[in-house]
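The block underneath contains the structure these notes are about, expressed in structure tokens.
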Amino acid sequence: MKSHVRVAVIGGGVVGCSVLYHLTKLGWTDIMLIERSELTSGSTWHAAGGFHTLNADTNMAALQGYTIRLYRELEEITGQNCGLHHVGGVTIATTPDRLDYLKAERAKHRYMGLDTEIVGPEEIKKLSPITNVDGVLGGLYDPLDGHLDPSGTTHAYAKAARMAGAEIVLRNRVLETNPRADGSWEIVTEQGTVIAEHVVNAGGLWAREVGAMAGVFLPLHPMEHQYLVTDDIPEVYNHPTELPHVMDPAGETYLRQEGRGLVIGIYEQDCDPWAVDGTPWDFGHELLNDNLDRIAEPLDAAFKRYPVLGRAGIKTVINGPFTFAPDGNPLVGPVPGLRNYWSACAVMAGFSQGGGVGLTLAEWMVEGEPSRDVMAMDVARFGDYCTRPYTRMKVTENYQRRFSISYPNEELPVGRPLQTTPAYGLWKAERAVFGSGYGMEHVNYFAPEGEPLYETPTFRRSNAFAAVAEECRTVREAVGINEIHNFGKYRVTGPGAVDWLNRIMANRVPKQGKIALTPMLSPKGKIIGDFTMARLGEDDVLLTASFSAQAFHMRWFLMHLPEDGSVTLRNVSQDRLGFQIAGPNSRELLARVSGADVSKQAMPFLSSTPLDIGHIPALVNRVTYTGDLGYEIYVDRSHQVALYEMLTGAADGLGLKGFGMRAMMSLRLEKPFGSWMREFRPDFTAAETGLDRFVAFQKEDFIGRDAALKDRDNPPERGLACFVVEAGDGLDVADCVADEPISQDGKIVGFVTSGGYAHYSKKSVALGMIPKSLIQDGADFVIEILGEPKKATLITESLFDPQAERMRG
């Protein structure tokens with residue numbers, strides 16, 4: 001075993017071996033994989049080995065497509081048989097909502113270049129004669145679906161890596177991982193100590209224990225999962241071709257052929273978290289005790305869906321643990337708070353996602369960033385709120401929802417409320433219907449008296465539609481009040497603060513008392529942040545951005561923070577709270593409570609002013625995401641309730657009412673303003689999204705400058721556009737959400753980044769990426785919503801206040 005390596009990968013499952021292979025593929029060969037037992041000794045060896053491309057996140061789906069296509073390449077490189085069976089697969093729908101969901105997924109696949117199709121019951125019966133199609137409305141067929149040999153595939157990754165120079169050390173448990181002053185790691189193993197520049201935690205079932213050695217908790221938990229292998233079935237082995245996979249989400253089952261019989265797997269509601277107190281180090285090539293009682297109900301449904309099961313004996317019951325993150329996607333990337341420590345774990349669908357995970361991590365390590373937006377699996381999408389009990393609760397919820405429909409307006413209930421602000425009780429008394437993001441409760445809308453305090457999950461306009469419309473009217477015609485805790489807030493101080501911010505932000509730090517909007521760019525010019533900078537003092541700047549990106553942004557900040565101590569950075573997201581007030585009467589309300597001159601001249605657009613709101617010290621920023629006249633009022637957390645009482649007590653005759661995030665998202669479409677992780681995300685550059693108007697190209701140096709200059713001198717081919725969509729009238733209508741394909745003259749030319757109904761303008765609106773050559777006012781397009789083509793007209797002028805007279809006035 002070497003004493004020094006560039007990368008040490010801990011864990012010899014399919015994911016660890018994939019990371020090892022992809023590092024060699026990108027040119028890093030001084031690398032080592034350390035495995036406590038044999039390759040595949042964790043979850044890999046007992047996996048069912050299925051693979052598929054279906055994923056709610058388009059980039060995850062694309063990476064799953066990459067993984068599946070990679071297996072032939074591995075076989076050619078190594079001569080190692082992966083046991084590939086590209087039999088295709090069909091996911092069946094027994095309800096209109098499920099069929100809508102599959103149609104939406106098929107629409108995404110169209111612009112992604114994935115060859116899937118919607119099929120009817122008769123076609124499903126032809127594909128899989130053993131499937132009872134009673135009650136089936138249709139399905140999504142994917143020819144890429146299939147299964148493989150888990151052991152053979154893992155060894156193919158390992159062999160390809162070895163052939164390129166990587167070292168694999170087996171039967172060698174890691175005992176300690178100790179950080180060194182230079183950023184490298186001392187890895188103490190049973191066979192000795194190795195110094196590694198980088199460590200990759202691909203520990204699988206032991207990822208929690210491996211993480212704990214470095215002092216971190218990775219939010220994942222193992223769950224028991226059972227599948228059954230049948231005896232030989234004549235209808236199976238007499239079929240002229242191998243049968244396709246069939247997923248029956250309503251029955252919570254998946255089925256595939258295994259030799260002359262079948263495999264039937266179940267994601268049951270009565271599920272069990274495993275190894276709550278930690279995974280034993282001596283657990284290996286063994287299974288858990290069978291628990292058929294737990295799966296009795298879905299198994300009964302499976303016997304009805306596949307009648308041949310009733311005539312088949314059970315040859316084997318497999319009950320083994322797999323690890324899940326709270327949302328079911330992997331945990332990949334640099335672990336916040338640690339130097340050169342990387343995560344590649346919680347990959348519950350290793351044979352669908354393992355290749356994509358390996359590629360992503362290798363790109364990140366070798367090239368500095370992934371080639372695509374991978375926020376859906378970035379380990380930094382979770383924060384400190386993900387404690388062990390919370391993680392276990394959410395993982396259980398996700399397991400139970402493995403085959404559930406994901407609605408765009410759905411709010412999951414488990415583990416809530418977790419984090420709240422002092423205003424939570426105030427909103428609750430006003431009949432707020434809450435959502436949750438990054439562990440924090442926020443108001444989605446206010447339910448009128450007599451209406452349920454619950455928004456029905458749907459692909460169409462929900463029971464909140466009328467209430468949200470009224471909240472939008474309040475903002476546009478009177479004054480609305482909304483909490484501003486949904487911003488991540490960072491206080492940057494010290495003699496080096498301004499120079500540092502000018503280095504990491506694309507725009508220039510404004511003068512004292514002013515606000516500047518700015519993207520934060522990666523070295524390749526991709527958008528990794530959408531910030532507001534408020535200059536509070538000579539060496540004092542307040543940053544605001546998306547609340548859900550706190551760990552993501554703090555990781556970037558800390559990676560680039562100067563080592564000389566000239567900059568102090570504090571995350572004050574939950575310390576500085578307050579409200580925004582917006583609408584034509586907002587200035588009058590602010591004047592009443594402050595007694596100050598708040599005129600346009602005294603407090604112009606994009607100004608930041610310390611004010612006393614009665615007896616409460618506050619910071620008032622003249623900016624609002626509603627696109628109207630408005631103000632953000634920041635106070636200390638302990639003063640939030642007092643501020644609310646002050647504002648509401650002074651609002652007689654002004655029409656002050658609360659509005660929630662549903663209204664906010666509707667109002668911003670009328671401008672149209674982009675949104676973090678919709679229009680502004682690491683898939684796009686500033687020039688593609690229009691954020692280049694906030695780039696200070698004259699600055700000598702900032703991260704991403706070279707890429708931004710290249711885009712300025714050679715503009716990218718695609719750009720962001722706004723469309724008015726003829727979606728229809730009434731509640732039984734679906735508006736755009738995201739990822740719907742945009743066509744012109746029968747050819748797919750782009751995709752929707754976000755959309756919805758603009759209530760005040762009474763228009764269905766979509767934002768999307770298309771070729772810049774097609775961005776012409778009044779141009780006609782077609783956007784597919786739930787499988788239905790809808791006419792869309794491109795607009796180049798905002799629906800509300802096109803000259804920004806209200807917002808700036």
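Going through the structure tokens in order, the chains are called A, B, and so on, while each chain numbers its residues from 1 and the ligands are numbered from 1 in the order shown.
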
Counting only C-alpha atoms, which residues of range 680-792 of chain A sit at most 8 Å from some atom of range 486-503 of chain A, and what is each one's closest atom pair with its distance in Å to one decimal, listed by chain and rising residue number, as CSV?
```
residue,atom,partner,partner_atom,distance
A:Asp701,CA,A:Arg503,CA,6.4
A:Phe702,CA,A:Arg503,CA,4.3
A:Ile703,CA,A:Arg503,CA,6.3
```

Exercise. Within 10 Å of Asn291 in chain A, counting only C-alpha atoms, which residues qualify if same-chain residues fewer than 2 places away don't, as a list of chain:residue names?
Worked result: A:Glu224, A:His225, A:Gln226, A:Leu288, A:Asn289, A:Asp293, A:Arg294, A:Ile295, A:Ala296, A:Val317, A:Ile318, A:Asn319

For this session: Name the residues in contact with Pro222 in chain A at a cut-off of 10 Å, using only C-alpha atoms, excluding same-chain residues fewer than 4 positions from it; report them as a ChimeraX atom specification.
Result: /A:43,204-206,208,272-276,278-279,320-325,346,348,392,395-396

Could you dump the residues just selected with N, CA and C atoms as a PDB file, in the first residue's frame?
```pdb
ATOM      1  N   SER A  43     -24.232  -2.633   0.225  1.00  0.00           N
ATOM      2  CA  SER A  43     -25.543  -2.790  -0.413  1.00  0.00           C
ATOM      3  C   SER A  43     -25.433  -3.363  -1.818  1.00  0.00           C
ATOM      4  N   GLY A 204     -21.109   4.121   1.671  1.00  0.00           N
ATOM      5  CA  GLY A 204     -22.361   3.389   1.570  1.00  0.00           C
ATOM      6  C   GLY A 204     -23.038   3.214   2.919  1.00  0.00           C
ATOM      7  N   LEU A 205     -23.276   1.976   3.317  1.00  0.00           N
ATOM      8  CA  LEU A 205     -23.926   1.696   4.600  1.00  0.00           C
ATOM      9  C   LEU A 205     -23.127   2.243   5.786  1.00  0.00           C
ATOM     10  N   TRP A 206     -21.823   2.464   5.594  1.00  0.00           N
ATOM     11  CA  TRP A 206     -20.957   2.964   6.662  1.00  0.00           C
ATOM     12  C   TRP A 206     -20.581   4.432   6.453  1.00  0.00           C
ATOM     13  N   ARG A 208     -22.074   7.119   7.329  1.00  0.00           N
ATOM     14  CA  ARG A 208     -22.257   7.903   8.562  1.00  0.00           C
ATOM     15  C   ARG A 208     -21.045   7.723   9.483  1.00  0.00           C
ATOM     16  N   ASP A 272     -39.194  -0.084   7.659  1.00  0.00           N
ATOM     17  CA  ASP A 272     -38.363  -0.064   8.862  1.00  0.00           C
ATOM     18  C   ASP A 272     -37.003   0.574   8.585  1.00  0.00           C
ATOM     19  N   PRO A 273     -36.672   1.676   9.294  1.00  0.00           N
ATOM     20  CA  PRO A 273     -35.283   2.144   9.265  1.00  0.00           C
ATOM     21  C   PRO A 273     -34.387   1.088   9.896  1.00  0.00           C
ATOM     22  N   TRP A 274     -33.177   0.968   9.367  1.00  0.00           N
ATOM     23  CA  TRP A 274     -32.243  -0.053   9.852  1.00  0.00           C
ATOM     24  C   TRP A 274     -31.030   0.628  10.491  1.00  0.00           C
ATOM     25  N   ALA A 275     -30.440  -0.029  11.452  1.00  0.00           N
ATOM     26  CA  ALA A 275     -29.191   0.417  12.087  1.00  0.00           C
ATOM     27  C   ALA A 275     -29.317   1.857  12.588  1.00  0.00           C
ATOM     28  N   VAL A 276     -30.351   2.084  13.388  1.00  0.00           N
ATOM     29  CA  VAL A 276     -30.605   3.434  13.905  1.00  0.00           C
ATOM     30  C   VAL A 276     -29.411   3.944  14.703  1.00  0.00           C
ATOM     31  N   GLY A 278     -26.289   3.029  14.261  1.00  0.00           N
ATOM     32  CA  GLY A 278     -25.038   2.898  13.519  1.00  0.00           C
ATOM     33  C   GLY A 278     -24.917   1.539  12.861  1.00  0.00           C
ATOM     34  N   THR A 279     -24.213   1.495  11.737  1.00  0.00           N
ATOM     35  CA  THR A 279     -24.018   0.245  11.005  1.00  0.00           C
ATOM     36  C   THR A 279     -22.860  -0.535  11.612  1.00  0.00           C
ATOM     37  N   GLY A 320     -32.487  -6.608   2.491  1.00  0.00           N
ATOM     38  CA  GLY A 320     -31.195  -5.987   2.750  1.00  0.00           C
ATOM     39  C   GLY A 320     -31.325  -4.485   2.884  1.00  0.00           C
ATOM     40  N   PRO A 321     -30.350  -3.828   3.497  1.00  0.00           N
ATOM     41  CA  PRO A 321     -30.417  -2.384   3.711  1.00  0.00           C
ATOM     42  C   PRO A 321     -29.820  -1.581   2.551  1.00  0.00           C
ATOM     43  N   PHE A 322     -30.447  -0.443   2.265  1.00  0.00           N
ATOM     44  CA  PHE A 322     -29.941   0.553   1.317  1.00  0.00           C
ATOM     45  C   PHE A 322     -29.976   1.914   2.011  1.00  0.00           C
ATOM     46  N   THR A 323     -29.081   2.797   1.631  1.00  0.00           N
ATOM     47  CA  THR A 323     -29.062   4.122   2.252  1.00  0.00           C
ATOM     48  C   THR A 323     -29.807   5.137   1.391  1.00  0.00           C
ATOM     49  N   PHE A 324     -30.486   6.051   2.082  1.00  0.00           N
ATOM     50  CA  PHE A 324     -31.256   7.113   1.443  1.00  0.00           C
ATOM     51  C   PHE A 324     -30.916   8.442   2.108  1.00  0.00           C
ATOM     52  N   ALA A 325     -30.954   9.522   1.333  1.00  0.00           N
ATOM     53  CA  ALA A 325     -30.959  10.881   1.884  1.00  0.00           C
ATOM     54  C   ALA A 325     -32.413  11.302   2.096  1.00  0.00           C
ATOM     55  N   ALA A 346     -25.210   7.853  -0.124  1.00  0.00           N
ATOM     56  CA  ALA A 346     -26.682   7.882  -0.187  1.00  0.00           C
ATOM     57  C   ALA A 346     -27.177   7.654  -1.611  1.00  0.00           C
ATOM     58  N   MET A 348     -28.973   5.454  -3.463  1.00  0.00           N
ATOM     59  CA  MET A 348     -29.801   4.263  -3.296  1.00  0.00           C
ATOM     60  C   MET A 348     -30.045   3.544  -4.621  1.00  0.00           C
ATOM     61  N   ARG A 392     -33.839  10.648   9.856  1.00  0.00           N
ATOM     62  CA  ARG A 392     -34.509   9.346   9.870  1.00  0.00           C
ATOM     63  C   ARG A 392     -35.989   9.485   9.520  1.00  0.00           C
ATOM     64  N   VAL A 395     -36.216  10.353   5.728  1.00  0.00           N
ATOM     65  CA  VAL A 395     -35.843   9.201   4.909  1.00  0.00           C
ATOM     66  C   VAL A 395     -36.990   8.187   4.885  1.00  0.00           C
ATOM     67  N   THR A 396     -37.608   7.959   6.035  1.00  0.00           N
ATOM     68  CA  THR A 396     -38.755   7.051   6.082  1.00  0.00           C
ATOM     69  C   THR A 396     -39.880   7.572   5.204  1.00  0.00           C
TER      70      THR A 396
END
```

Taking 4 positions as the minimum chain separation for residues in the same chain, which residues sit within 9 Å of Arg162 in chain A when counting only C-alpha atoms? Answer as a short mmCIF file (atom, residue, chain, number, x, y, z; two decimals) with N, CA and C atoms, in the first residue's frame.
```cif
data_model
loop_
_atom_site.label_atom_id
_atom_site.label_comp_id
_atom_site.auth_asym_id
_atom_site.auth_seq_id
_atom_site.Cartn_x
_atom_site.Cartn_y
_atom_site.Cartn_z
N LEU A 20 -13.54 6.01 -8.67
CA LEU A 20 -12.15 5.64 -8.99
C LEU A 20 -11.94 5.61 -10.49
N TYR A 21 -12.83 4.96 -11.22
CA TYR A 21 -12.71 4.87 -12.68
C TYR A 21 -12.76 6.25 -13.33
N THR A 24 -9.60 8.31 -13.06
CA THR A 24 -8.57 7.89 -14.03
C THR A 24 -8.94 8.36 -15.43
N TYR A 157 -15.93 -1.58 -13.31
CA TYR A 157 -15.41 -0.27 -12.92
C TYR A 157 -14.02 -0.41 -12.30
N ALA A 158 -13.89 -1.37 -11.38
CA ALA A 158 -12.63 -1.55 -10.67
C ALA A 158 -11.51 -1.95 -11.62
N ALA A 166 -4.85 2.91 -11.07
CA ALA A 166 -5.37 3.07 -9.71
C ALA A 166 -5.04 1.84 -8.87
N GLU A 167 -4.93 2.05 -7.57
CA GLU A 167 -4.67 0.96 -6.63
C GLU A 167 -5.93 0.67 -5.83
N ILE A 168 -6.21 -0.62 -5.61
CA ILE A 168 -7.35 -1.02 -4.78
C ILE A 168 -6.82 -1.91 -3.66
#
```

Exercise. Within 12 Å of Leu606 in chain A, counting only C-alpha atoms, which residues qualify if same-chain residues fewer than 5 places away don't, as a list in words?
Worked result: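 What passes the distance filter is Pro510, Lys511, Gln512, Gly513, Lys514, Ile515, Ala516, Leu517, Thr532, Met533, Ala534, Arg535, Lys600, Gln601, Val620, Asn621, Arg622, Val623, Thr624, Leu629, Gly630, Tyr631, Glu632, Met807, Arg808 and Gly809 of chain A.
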
For this session: Please run DSSP on the backbone and report, as a ChimeraX atom specification, all residues within range 503-633 of chain A that come out as strand (DSSP E).
Result: /A:515-521,527-537,540-546,568-571,576-582,608-613,616-621,630-633

Exercise. With distances taken over only C-alpha atoms, which of A:Arg6, A:Arg180, A:Arg106, A:His85 is nearest to Val199 in chain A?
Worked result: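 Looking only at the distances to Val199 in chain A, the closest residue turns out to be A:Arg6.
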
Exercise. To one decimal place, how far is CA of Gly251 in chain A from CA of Val263 in chain A in Å?
Worked result: 14.9 Å

Exercise. Separation of CA of Ser608 in chain A and CA of Arg693 in chain A, in Å?
Worked result: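 Interatomic distance, CA of Ser608 in chain A to CA of Arg693 in chain A: 20.9 Å.
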
For this session: Can you pull out every residue within 10 Å of Ala349 in chain A, counting only C-alpha atoms, but drop anything in the same chain fewer than 6 positions away, and send it as number ranges by chain?
Result: A: 15, 44, 47-52, 64, 322-324, 328-330

Would you export the selected residues with N, CA and C atoms as a CSV table (one decimal), in the first residue's frame, please?
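result.csv written:
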```
chain,number,residue,atom,x,y,z
A,15,VAL,N,-20.4,2.7,-6.3
A,15,VAL,CA,-20.2,4.1,-6.3
A,15,VAL,C,-18.7,4.4,-6.2
A,44,THR,N,-24.3,-3.2,-2.4
A,44,THR,CA,-24.1,-3.6,-3.9
A,44,THR,C,-24.4,-5.0,-4.1
A,47,ALA,N,-28.2,-5.9,-4.3
A,47,ALA,CA,-29.1,-5.1,-5.1
A,47,ALA,C,-29.8,-5.9,-6.2
A,48,ALA,N,-31.0,-5.4,-6.5
A,48,ALA,CA,-31.7,-6.1,-7.6
A,48,ALA,C,-31.1,-5.8,-8.9
A,49,GLY,N,-30.3,-4.8,-9.1
A,49,GLY,CA,-29.6,-4.5,-10.3
A,49,GLY,C,-30.4,-3.8,-11.4
A,50,GLY,N,-31.5,-3.3,-11.1
A,50,GLY,CA,-32.3,-2.6,-12.1
A,50,GLY,C,-31.7,-1.2,-12.4
A,51,PHE,N,-32.0,-0.7,-13.6
A,51,PHE,CA,-31.6,0.7,-13.9
A,51,PHE,C,-32.7,1.3,-14.8
A,52,HIS,N,-32.8,2.6,-14.6
A,52,HIS,CA,-33.8,3.4,-15.4
A,52,HIS,C,-33.4,4.8,-15.4
A,64,GLN,N,-28.5,9.7,-15.2
A,64,GLN,CA,-28.9,8.3,-15.2
A,64,GLN,C,-28.8,7.7,-16.6
A,322,PHE,N,-30.4,-0.4,2.3
A,322,PHE,CA,-29.9,0.6,1.3
A,322,PHE,C,-30.0,1.9,2.0
A,323,THR,N,-29.1,2.8,1.6
A,323,THR,CA,-29.1,4.1,2.3
A,323,THR,C,-29.8,5.1,1.4
A,324,PHE,N,-30.5,6.1,2.1
A,324,PHE,CA,-31.3,7.1,1.4
A,324,PHE,C,-30.9,8.4,2.1
A,328,GLY,N,-34.2,11.4,-1.2
A,328,GLY,CA,-34.0,10.2,-2.1
A,328,GLY,C,-32.8,10.4,-3.1
A,329,ASN,N,-32.3,11.6,-3.2
A,329,ASN,CA,-31.2,11.8,-4.2
A,329,ASN,C,-29.8,11.6,-3.5
A,330,PRO,N,-28.8,11.4,-4.2
A,330,PRO,CA,-27.5,11.1,-3.5
A,330,PRO,C,-26.9,12.4,-2.8
```

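Across the structure, CA of Thr568 in chain A and CA of Ala214 in chain A are spaced 25.0 Å apart.
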
For this session: Excluding Val7 in chain A and any residue of its chain fewer than 5 positions from it, enumerate the residues within 8 Å of it, using only C-alpha atoms, and give them as a PyMOL selection string.
Result: chain A and resi 30-32+196-200

For this session: Run DSSP on the backbone of this structure and report the residues of range 116-173 of chain A it assigns to helix (DSSP H, G or I), as JSON, numbers by chain.
Result: {"A": [121, 122, 123, 124, 125, 126, 127, 150, 151, 152, 153, 154, 155, 156, 157, 158, 159, 160, 161, 162, 163]}

Within 8 Å of range 766-787 of chain A, which residues of range 80-134 of chain A show up? Give each one with its shortest atom-to-atom distance in Å (one decimal) and the two atoms involved, counting only C-alpha atoms, rows by chain then rising residue number, as CSV.
```
residue,atom,partner,partner_atom,distance
A:Asp100,CA,A:Leu786,CA,5.5
A:Tyr101,CA,A:Leu786,CA,7.3
A:Lys103,CA,A:Gly787,CA,5.3
A:Ala104,CA,A:Leu786,CA,4.9
A:Ala107,CA,A:Gly787,CA,6.8
```

Mind writing the picked residues with C-alpha atoms as a tab-separated table (two decimals), in the first residue's frame?
```tsv
chain	number	residue	atom	x	y	z
A	100	ASP	CA	-50.51	13.46	-16.13
A	101	TYR	CA	-47.27	12.95	-14.22
A	103	LYS	CA	-46.95	12.84	-19.64
A	104	ALA	CA	-45.00	15.63	-17.94
A	107	ALA	CA	-42.33	16.02	-22.21
```

For this session: Rank nothing, just name the residue among A:Leu137, A:Thr95, A:Arg806, A:Asp384 nearest to Pro604 in chain A, using only C-alpha atoms.
Result: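 When distances to Pro604 in chain A are compared using only C-alpha atoms, the smallest one comes from A:Arg806.
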